[in-house]
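Quick look at upload_38.json (JSON, C-alpha atoms):
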[["chain", "number", "residue", "atom", "x", "y", "z"],
["A", 118, "MET", "CA", -48.44, -211.10, 41.03],
["A", 119, "TRP", "CA", -46.20, -214.19, 41.27],
["A", 120, "LYS", "CA", -42.51, -213.31, 41.60],
["A", 121, "GLY", "CA", -41.08, -216.68, 42.52],
["A", 122, "LYS", "CA", -39.08, -219.00, 40.29],
["A", 123, "ASP", "CA", -41.17, -220.39, 37.41],
["A", 124, "SER", "CA", -39.87, -223.97, 37.09],
["A", 125, "TYR", "CA", -42.61, -225.07, 34.69],
["A", 126, "GLY", "CA", -42.69, -222.14, 32.27],
["A", 127, "ILE", "CA", -46.36, -221.38, 32.90],
["A", 128, "MET", "CA", -45.91, -217.72, 33.85],
["A", 129, "LYS", "CA", -46.15, -214.95, 31.31],
["A", 130, "LYS", "CA", -43.68, -212.06, 31.34],
["A", 131, "ASP", "CA", -46.25, -209.86, 33.04],
["A", 132, "GLY", "CA", -46.57, -212.36, 35.87],
["A", 133, "GLU", "CA", -49.94, -213.73, 34.79],
["A", 134, "ILE", "CA", -50.53, -217.47, 34.55],
["A", 135, "ASN", "CA", -50.42, -218.98, 31.07],
["A", 136, "PHE", "CA", -53.52, -221.17, 31.41],
["A", 137, "SER", "CA", -53.07, -222.73, 27.98],
["A", 138, "LYS", "CA", -49.62, -224.02, 28.89],
["A", 139, "LEU", "CA", -50.83, -225.06, 32.33],
["A", 140, "GLU", "CA", -53.61, -227.09, 30.72],
["A", 141, "GLN", "CA", -51.11, -228.77, 28.40],
["A", 142, "GLN", "CA", -48.91, -229.76, 31.31],
["A", 143, "ILE", "CA", -51.86, -231.13, 33.27],
["A", 144, "ASP", "CA", -53.01, -233.15, 30.24],
["A", 145, "SER", "CA", -49.48, -234.48, 29.80],
["A", 146, "ALA", "CA", -49.30, -235.49, 33.48],
["A", 147, "VAL", "CA", -52.69, -237.22, 33.25],
["A", 148, "GLN", "CA", -51.61, -239.15, 30.14],
["A", 149, "SER", "CA", -48.33, -240.16, 31.79],
["A", 150, "ASP", "CA", -50.19, -241.41, 34.85],
["A", 151, "LYS", "CA", -52.67, -243.28, 32.66],
["A", 152, "MET", "CA", -49.83, -244.93, 30.71],
["A", 153, "TYR", "CA", -48.10, -245.94, 33.95],
["A", 154, "TRP", "CA", -51.18, -247.77, 35.25],
["A", 155, "THR", "CA", -51.95, -249.30, 31.85],
["A", 156, "GLN", "CA", -48.44, -250.75, 31.65],
["A", 157, "ASN", "CA", -48.57, -251.84, 35.28],
["A", 158, "GLU", "CA", -51.79, -253.76, 34.64],
["A", 159, "ALA", "CA", -50.21, -255.33, 31.55],
["A", 160, "LYS", "CA", -47.22, -256.49, 33.63],
["A", 161, "ILE", "CA", -49.49, -258.09, 36.21],
["A", 162, "ARG", "CA", -51.55, -259.73, 33.47],
["A", 163, "ALA", "CA", -48.43, -261.06, 31.73],
["A", 164, "VAL", "CA", -47.06, -262.55, 34.94],
["A", 165, "SER", "CA", -50.45, -264.08, 35.79],
["A", 166, "ASN", "CA", -50.64, -265.68, 32.34],
["A", 167, "LYS", "CA", -47.09, -267.06, 32.74],
["A", 168, "VAL", "CA", -45.74, -265.80, 29.41],
["A", 169, "ALA", "CA", -43.18, -268.04, 27.72],
["A", 170, "SER", "CA", -40.28, -265.58, 27.63],
["A", 171, "TYR", "CA", -39.05, -262.17, 28.75],
["A", 172, "ASP", "CA", -39.30, -260.91, 25.15],
["A", 173, "GLU", "CA", -42.99, -261.79, 25.08],
["A", 174, "PHE", "CA", -43.42, -260.04, 28.45],
["A", 175, "VAL", "CA", -41.78, -256.87, 27.03],
["A", 176, "ASP", "CA", -43.94, -257.01, 23.88],
["A", 177, "ILE", "CA", -47.14, -257.25, 25.94],
["A", 178, "VAL", "CA", -46.14, -254.23, 28.04],
["A", 179, "LYS", "CA", -45.15, -252.22, 24.96],
["A", 180, "ALA", "CA", -48.47, -252.98, 23.28],
["A", 181, "SER", "CA", -50.56, -252.35, 26.41],
["A", 182, "HIS", "CA", -51.79, -248.98, 25.12],
["A", 183, "LEU", "CA", -53.14, -250.44, 21.86],
["A", 184, "LYS", "CA", -56.88, -250.75, 21.57],
["A", 185, "PRO", "CA", -58.69, -253.42, 19.54],
["A", 186, "LEU", "CA", -61.04, -252.34, 16.77],
["A", 187, "GLU", "CA", -64.53, -251.62, 18.04],
["A", 188, "LYS", "CA", -67.55, -253.37, 16.60],
["A", 189, "GLY", "CA", -68.52, -250.25, 14.63],
["A", 190, "ASP", "CA", -65.04, -249.69, 13.19],
["A", 191, "ARG", "CA", -64.73, -250.56, 9.52],
["A", 192, "ILE", "CA", -61.39, -251.40, 8.03],
["A", 193, "SER", "CA", -62.88, -250.73, 4.61],
["A", 194, "ASP", "CA", -63.08, -247.02, 5.49],
["A", 195, "ILE", "CA", -59.40, -246.51, 4.63],
["A", 196, "LYS", "CA", -58.51, -244.22, 1.74],
["A", 197, "VAL", "CA", -58.43, -245.81, -1.67],
["A", 198, "PHE", "CA", -56.20, -245.15, -4.63],
["A", 199, "LYS", "CA", -57.57, -243.58, -7.78],
["A", 200, "GLN", "CA", -56.65, -246.82, -9.54],
["A", 201, "PRO", "CA", -58.49, -249.59, -7.63],
["A", 202, "TRP", "CA", -56.23, -252.09, -5.93],
["A", 203, "ASN", "CA", -56.98, -255.77, -6.02],
["A", 204, "ILE", "CA", -56.83, -256.29, -2.27],
["A", 205, "ASN", "CA", -57.98, -259.86, -2.83],
["A", 206, "ALA", "CA", -54.48, -260.52, -4.12],
["A", 207, "CYS", "CA", -53.41, -260.35, -0.48],
["A", 208, "LYS", "CA", -55.94, -263.00, 0.51],
["A", 209, "ASN", "CA", -53.75, -265.95, -0.21],
["A", 210, "GLY", "CA", -54.45, -268.01, 2.91],
["A", 211, "PRO", "CA", -53.53, -271.67, 3.25],
["A", 212, "GLY", "CA", -56.54, -272.78, 1.23],
["A", 213, "ASN", "CA", -55.61, -270.73, -1.84],
["A", 214, "SER", "CA", -51.83, -270.99, -1.59],
["A", 215, "LYS", "CA", -49.82, -272.95, -4.10],
["A", 216, "ALA", "CA", -47.18, -273.69, -1.49],
["A", 217, "THR", "CA", -45.34, -276.93, -2.14],
["A", 218, "THR", "CA", -42.42, -276.85, 0.29],
["A", 219, "SER", "CA", -42.70, -277.68, 3.98],
["A", 220, "ASP", "CA", -41.40, -274.19, 4.86],
["A", 221, "GLU", "CA", -44.16, -272.55, 2.83],
["A", 222, "LYS", "CA", -46.80, -274.79, 4.38],
["A", 223, "CYS", "CA", -45.57, -274.01, 7.90],
["A", 224, "SER", "CA", -45.59, -270.28, 7.12],
["A", 225, "ALA", "CA", -49.13, -270.53, 5.77],
["A", 226, "ILE", "CA", -50.28, -272.30, 8.95],
["A", 227, "ALA", "CA", -48.55, -269.65, 11.10],
["A", 228, "ALA", "CA", -50.20, -266.84, 9.13],
["A", 229, "CYS", "CA", -53.58, -268.48, 9.56],
["A", 230, "SER", "CA", -53.18, -268.58, 13.36],
["A", 231, "VAL", "CA", -52.26, -264.88, 13.74],
["A", 232, "THR", "CA", -55.03, -262.50, 14.77],
["A", 233, "ASN", "CA", -53.31, -259.67, 16.68],
["A", 234, "TYR", "CA", -50.08, -257.71, 17.09],
["A", 235, "ASN", "CA", -48.60, -259.85, 19.86],
["A", 236, "GLN", "CA", -49.12, -263.05, 17.88],
["A", 237, "PHE", "CA", -47.64, -261.47, 14.75],
["A", 238, "ASN", "CA", -44.61, -260.19, 16.63],
["A", 239, "ARG", "CA", -44.01, -263.57, 18.26],
["A", 240, "GLU", "CA", -44.15, -265.41, 14.91],
["A", 241, "TRP", "CA", -42.04, -262.77, 13.17],
["A", 242, "LYS", "CA", -39.29, -263.08, 15.78],
["A", 243, "ARG", "CA", -39.50, -266.87, 15.75],
["A", 244, "LEU", "CA", -38.87, -266.86, 11.99],
["A", 245, "SER", "CA", -36.15, -264.19, 12.12],
["A", 246, "LYS", "CA", -33.35, -266.70, 11.43],
["A", 247, "THR", "CA", -35.09, -267.91, 8.27],
["A", 248, "PRO", "CA", -35.99, -264.83, 6.16],
["A", 249, "ASN", "CA", -37.55, -266.99, 3.45],
["A", 250, "GLU", "CA", -40.08, -268.25, 6.01],
["A", 251, "GLN", "CA", -40.66, -264.68, 7.19],
["A", 252, "TYR", "CA", -41.41, -263.74, 3.59],
["A", 253, "GLU", "CA", -43.86, -266.61, 3.09],
["A", 254, "PHE", "CA", -45.49, -265.81, 6.42],
["A", 255, "LEU", "CA", -45.93, -262.15, 5.46],
["A", 256, "ILE", "CA", -47.40, -262.69, 2.00],
["A", 257, "GLU", "CA", -49.85, -265.25, 3.36],
["A", 258, "LEU", "CA", -51.46, -262.59, 5.58],
["A", 259, "GLN", "CA", -54.64, -260.97, 4.35],
["A", 260, "CYS", "CA", -54.39, -257.22, 3.85],
["A", 261, "GLU", "CA", -57.43, -256.65, 6.07],
["A", 262, "LEU", "CA", -55.67, -258.56, 8.84],
["A", 263, "ILE", "CA", -52.44, -256.59, 8.36],
["A", 264, "LEU", "CA", -54.42, -253.38, 8.77],
["A", 265, "LYS", "CA", -56.13, -254.75, 11.88],
["A", 266, "ILE", "CA", -52.83, -255.88, 13.43],
["A", 267, "PHE", "CA", -51.14, -252.50, 12.86],
["A", 268, "HIS", "CA", -54.24, -250.34, 13.17],
["A", 269, "ALA", "CA", -52.77, -248.41, 16.12],
["A", 270, "GLU", "CA", -49.13, -248.43, 15.04],
["A", 271, "ILE", "CA", -46.41, -250.35, 13.25],
["A", 272, "GLY", "CA", -43.89, -251.57, 15.82],
["A", 273, "LEU", "CA", -40.55, -249.77, 15.86],
["A", 274, "GLY", "CA", -38.24, -251.27, 13.22],
["A", 275, "LEU", "CA", -40.88, -253.62, 11.79],
["A", 276, "LEU", "CA", -41.50, -251.61, 8.62],
["A", 277, "GLY", "CA", -37.84, -251.76, 7.66],
["A", 278, "GLU", "CA", -37.67, -255.48, 8.43],
["A", 279, "MET", "CA", -40.70, -256.22, 6.27],
["A", 280, "ILE", "CA", -39.35, -254.11, 3.40],
["A", 281, "THR", "CA", -36.01, -255.93, 3.63],
["A", 282, "VAL", "CA", -37.67, -259.35, 3.55],
["A", 283, "MET", "CA", -39.91, -258.46, 0.59],
["A", 284, "TYR", "CA", -36.97, -256.99, -1.30],
["A", 285, "GLY", "CA", -34.76, -260.01, -0.62],
["A", 286, "HIS", "CA", -37.35, -262.52, -1.88],
["A", 287, "TYR", "CA", -39.07, -260.49, -4.57],
["A", 288, "THR", "CA", -40.49, -262.33, -7.56],
["A", 289, "THR", "CA", -42.50, -261.00, -10.48],
["A", 290, "GLU", "CA", -45.30, -263.44, -9.68],
["A", 291, "LYS", "CA", -45.79, -261.82, -6.25],
["A", 292, "ALA", "CA", -45.57, -258.20, -7.46],
["A", 293, "GLU", "CA", -49.28, -257.51, -6.97],
["A", 294, "THR", "CA", -49.34, -259.06, -3.50],
["A", 295, "ILE", "CA", -46.27, -257.09, -2.39],
["A", 296, "ALA", "CA", -47.69, -253.85, -3.79],
["A", 297, "ASN", "CA", -50.92, -254.42, -1.87],
["A", 298, "ILE", "CA", -49.00, -255.13, 1.34],
["A", 299, "LEU", "CA", -46.98, -251.92, 0.93],
["A", 300, "TYR", "CA", -50.15, -249.91, 0.38],
["A", 301, "THR", "CA", -51.86, -251.50, 3.38],
["A", 302, "LEU", "CA", -48.87, -250.72, 5.61],
["A", 303, "SER", "CA", -49.01, -247.09, 4.47],
["A", 304, "GLN", "CA", -52.52, -246.88, 5.94],
["A", 305, "CYS", "CA", -51.47, -248.19, 9.36],
["A", 306, "GLY", "CA", -50.90, -246.18, 12.51],
["A", 307, "ARG", "CA", -47.69, -244.13, 12.79],
["A", 308, "PHE", "CA", -46.62, -245.15, 9.30],
["A", 309, "GLU", "CA", -44.83, -241.87, 8.64],
["A", 310, "LEU", "CA", -42.91, -242.18, 11.91],
["A", 311, "SER", "CA", -41.79, -245.70, 10.98],
["A", 312, "LEU", "CA", -40.77, -244.40, 7.56],
["A", 313, "ARG", "CA", -38.50, -241.78, 9.14],
["A", 314, "PHE", "CA", -36.67, -244.46, 11.13],
["A", 315, "LEU", "CA", -35.68, -246.58, 8.11],
["A", 316, "SER", "CA", -31.95, -247.18, 8.00],
["A", 317, "GLU", "CA", -29.85, -246.21, 4.98],
["A", 318, "SER", "CA", -29.80, -249.79, 3.73],
["A", 319, "GLU", "CA", -33.56, -250.18, 4.25],
["A", 320, "CYS", "CA", -34.16, -247.00, 2.24],
["A", 321, "LYS", "CA", -32.07, -248.45, -0.58],
["A", 322, "PHE", "CA", -34.02, -251.72, -0.46],
["A", 323, "LEU", "CA", -37.26, -249.72, -0.58],
["A", 324, "ASN", "CA", -36.13, -247.78, -3.65],
["A", 325, "ASP", "CA", -35.03, -250.95, -5.42],
["A", 326, "LEU", "CA", -38.24, -252.74, -4.48],
["A", 327, "LEU", "CA", -40.39, -249.92, -5.88],
["A", 328, "GLU", "CA", -38.27, -249.87, -9.03],
["A", 329, "SER", "CA", -38.87, -253.60, -9.53],
["A", 330, "LEU", "CA", -42.60, -253.15, -8.92],
["A", 331, "SER", "CA", -42.75, -250.33, -11.48],
["A", 332, "LYS", "CA", -41.64, -252.83, -14.12],
["A", 333, "ASP", "CA", -43.96, -255.64, -13.09],
["A", 334, "TYR", "CA", -47.16, -253.99, -11.89],
["A", 335, "ASN", "CA", -49.64, -251.20, -12.62],
["A", 336, "ALA", "CA", -47.61, -248.03, -13.22],
["A", 337, "GLU", "CA", -50.23, -245.64, -11.78],
["A", 338, "ASN", "CA", -50.48, -247.63, -8.55],
["A", 339, "ILE", "CA", -46.71, -247.69, -8.12],
["A", 340, "LYS", "CA", -46.51, -243.94, -8.65],
["A", 341, "GLN", "CA", -48.95, -243.52, -5.80],
["A", 342, "LEU", "CA", -46.88, -245.89, -3.66],
["A", 343, "GLU", "CA", -43.82, -243.78, -4.44],
["A", 344, "SER", "CA", -45.71, -240.66, -3.34],
["A", 345, "LEU", "CA", -46.40, -242.37, -0.01],
["A", 346, "TYR", "CA", -42.98, -243.92, 0.59],
["A", 347, "LEU", "CA", -40.53, -241.56, -1.07],
["A", 348, "ARG", "CA", -41.55, -238.29, 0.51],
["A", 349, "THR", "CA", -38.75, -235.77, 0.80]]

Starting from the file, lay out its structure as structure tokens.
Amino acid sequence: MWKGKDSYGIMKKDGEINFSKLEQQIDSAVQSDKMYWTQNEAKIRAVSNKVASYDEFVDIVKASHLKPLEKGDRISDIKVFKQPWNINACKNGPGNSKATTSDEKCSAIAACSVTNYNQFNREWKRLSKTPNEQYEFLIELQCELILKIFHAEIGLGLLGEMITVMYGHYTTEKAETIANILYTLSQCGRFELSLRFLSESECKFLNDLLESLSKDYNAENIKQLESLYLRT
């Protein structure tokens, strides 16, 4: 019977080993070691590729654990609302856009060139000083692409930033597109965690945005959005 100090909490009161807890700690150690080497490889890769900035280097390391969709993965397997959503409303793309200003055209081109999380994050940060361009960039993205980009997780703080931008530039004409984007984001990885980290102001913007959508878009769909976003 072990009578020494139990620093890891794996001993039961009767002195027997708690194998379940021991297994958990071993699994945790293995995952930590795996993450260390994954991030280390990402650092080496980023340096070898001569990334443009330190921010891009950090983003690559942070996203090193994300895995691309496999060939057999189907984005269309996500849950659907009882009331069908017109996901095609998200498929604006440069060819279908009615953009007339140079800012809108630039945002459409940027959206067309984005295929993964790192590219999205780089464009989003580049446009951070011009929220109107961020908005145009976001609504030009196809919903299937949004789901692919954030399949593993929505980056910390990004959900609140996107909600703020959509709220600040909301128009009735884009109500369907915005509703589809919100639904798509709710199907992305770690959505609920991102939701918990919304600031007080972002929560207010979210409430106001959903209220505006309830007046301009399908009421049943918006009720389902509210059930996803306004959980207590």

Let me have the centre and edge lengths of the axis-aligned box enclosing all listed atoms of region 258-274 of chain A with 4 Å padding on every side, in Å to one decimal, as JSON.
{"center_x": -47.8, "center_y": -255.5, "center_z": 10.0, "size_x": 27.2, "size_y": 22.2, "size_z": 20.3}

Legend entry - Length of the CA of Cys320 (chain A) to CA of Met279 (chain A) vector [Å]: 12.0 Å

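Closest approach to Gln304 (chain A) from the set A:Arg348, A:His268, A:Val231, A:Phe254 is made by A:His268, with distances taken over all atoms listed in the file.
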
Legend entry - Residue nearest Tyr153 (chain A) - candidates A:Leu326, A:Leu276, A:Ile134, A:Val178, atoms counted: all atoms listed in the file: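 The answer is A:Val178, which sits nearest to Tyr153 (chain A).
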
Legend entry - Test item: residues at most 7 Å from Asp333 (chain A), only C-alpha atoms, excluding those fewer than 4 positions along its chain, as a VMD selection string: chain A and resid 289 292 329

Output file for the selection above: C-alpha atoms, as an mmCIF file, keeping the file's coordinate frame:
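Okay, again.cif is ready:
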data_model
loop_
_atom_site.group_PDB
_atom_site.id
_atom_site.type_symbol
_atom_site.label_atom_id
_atom_site.label_comp_id
_atom_site.auth_asym_id
_atom_site.auth_seq_id
_atom_site.Cartn_x
_atom_site.Cartn_y
_atom_site.Cartn_z
ATOM 1 C CA THR A 289 -42.500 -261.000 -10.480
ATOM 2 C CA ALA A 292 -45.570 -258.200 -7.460
ATOM 3 C CA SER A 329 -38.870 -253.600 -9.530
#

Legend entry - Å distance separating CA of Glu293 (chain A) from CA of Gly306 (chain A), one decimal place: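 These atoms are spaced 22.6 Å apart.
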
Legend entry - Of the listed residues A:Lys167, A:Lys246, A:Lys138, A:Lys332, that which approaches Thr288 (chain A) most closely, counting all atoms listed in the file: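 Of the candidates, the smallest distance to Thr288 (chain A) is held by A:Lys332.
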
Inset, instruction - Identify which of the residues A:Thr294, A:Ser245, A:Ser331, A:Gln341 lies closest to Glu257 (chain A), counting only C-alpha atoms when measuring atom-to-atom distances. - result: A:Thr294
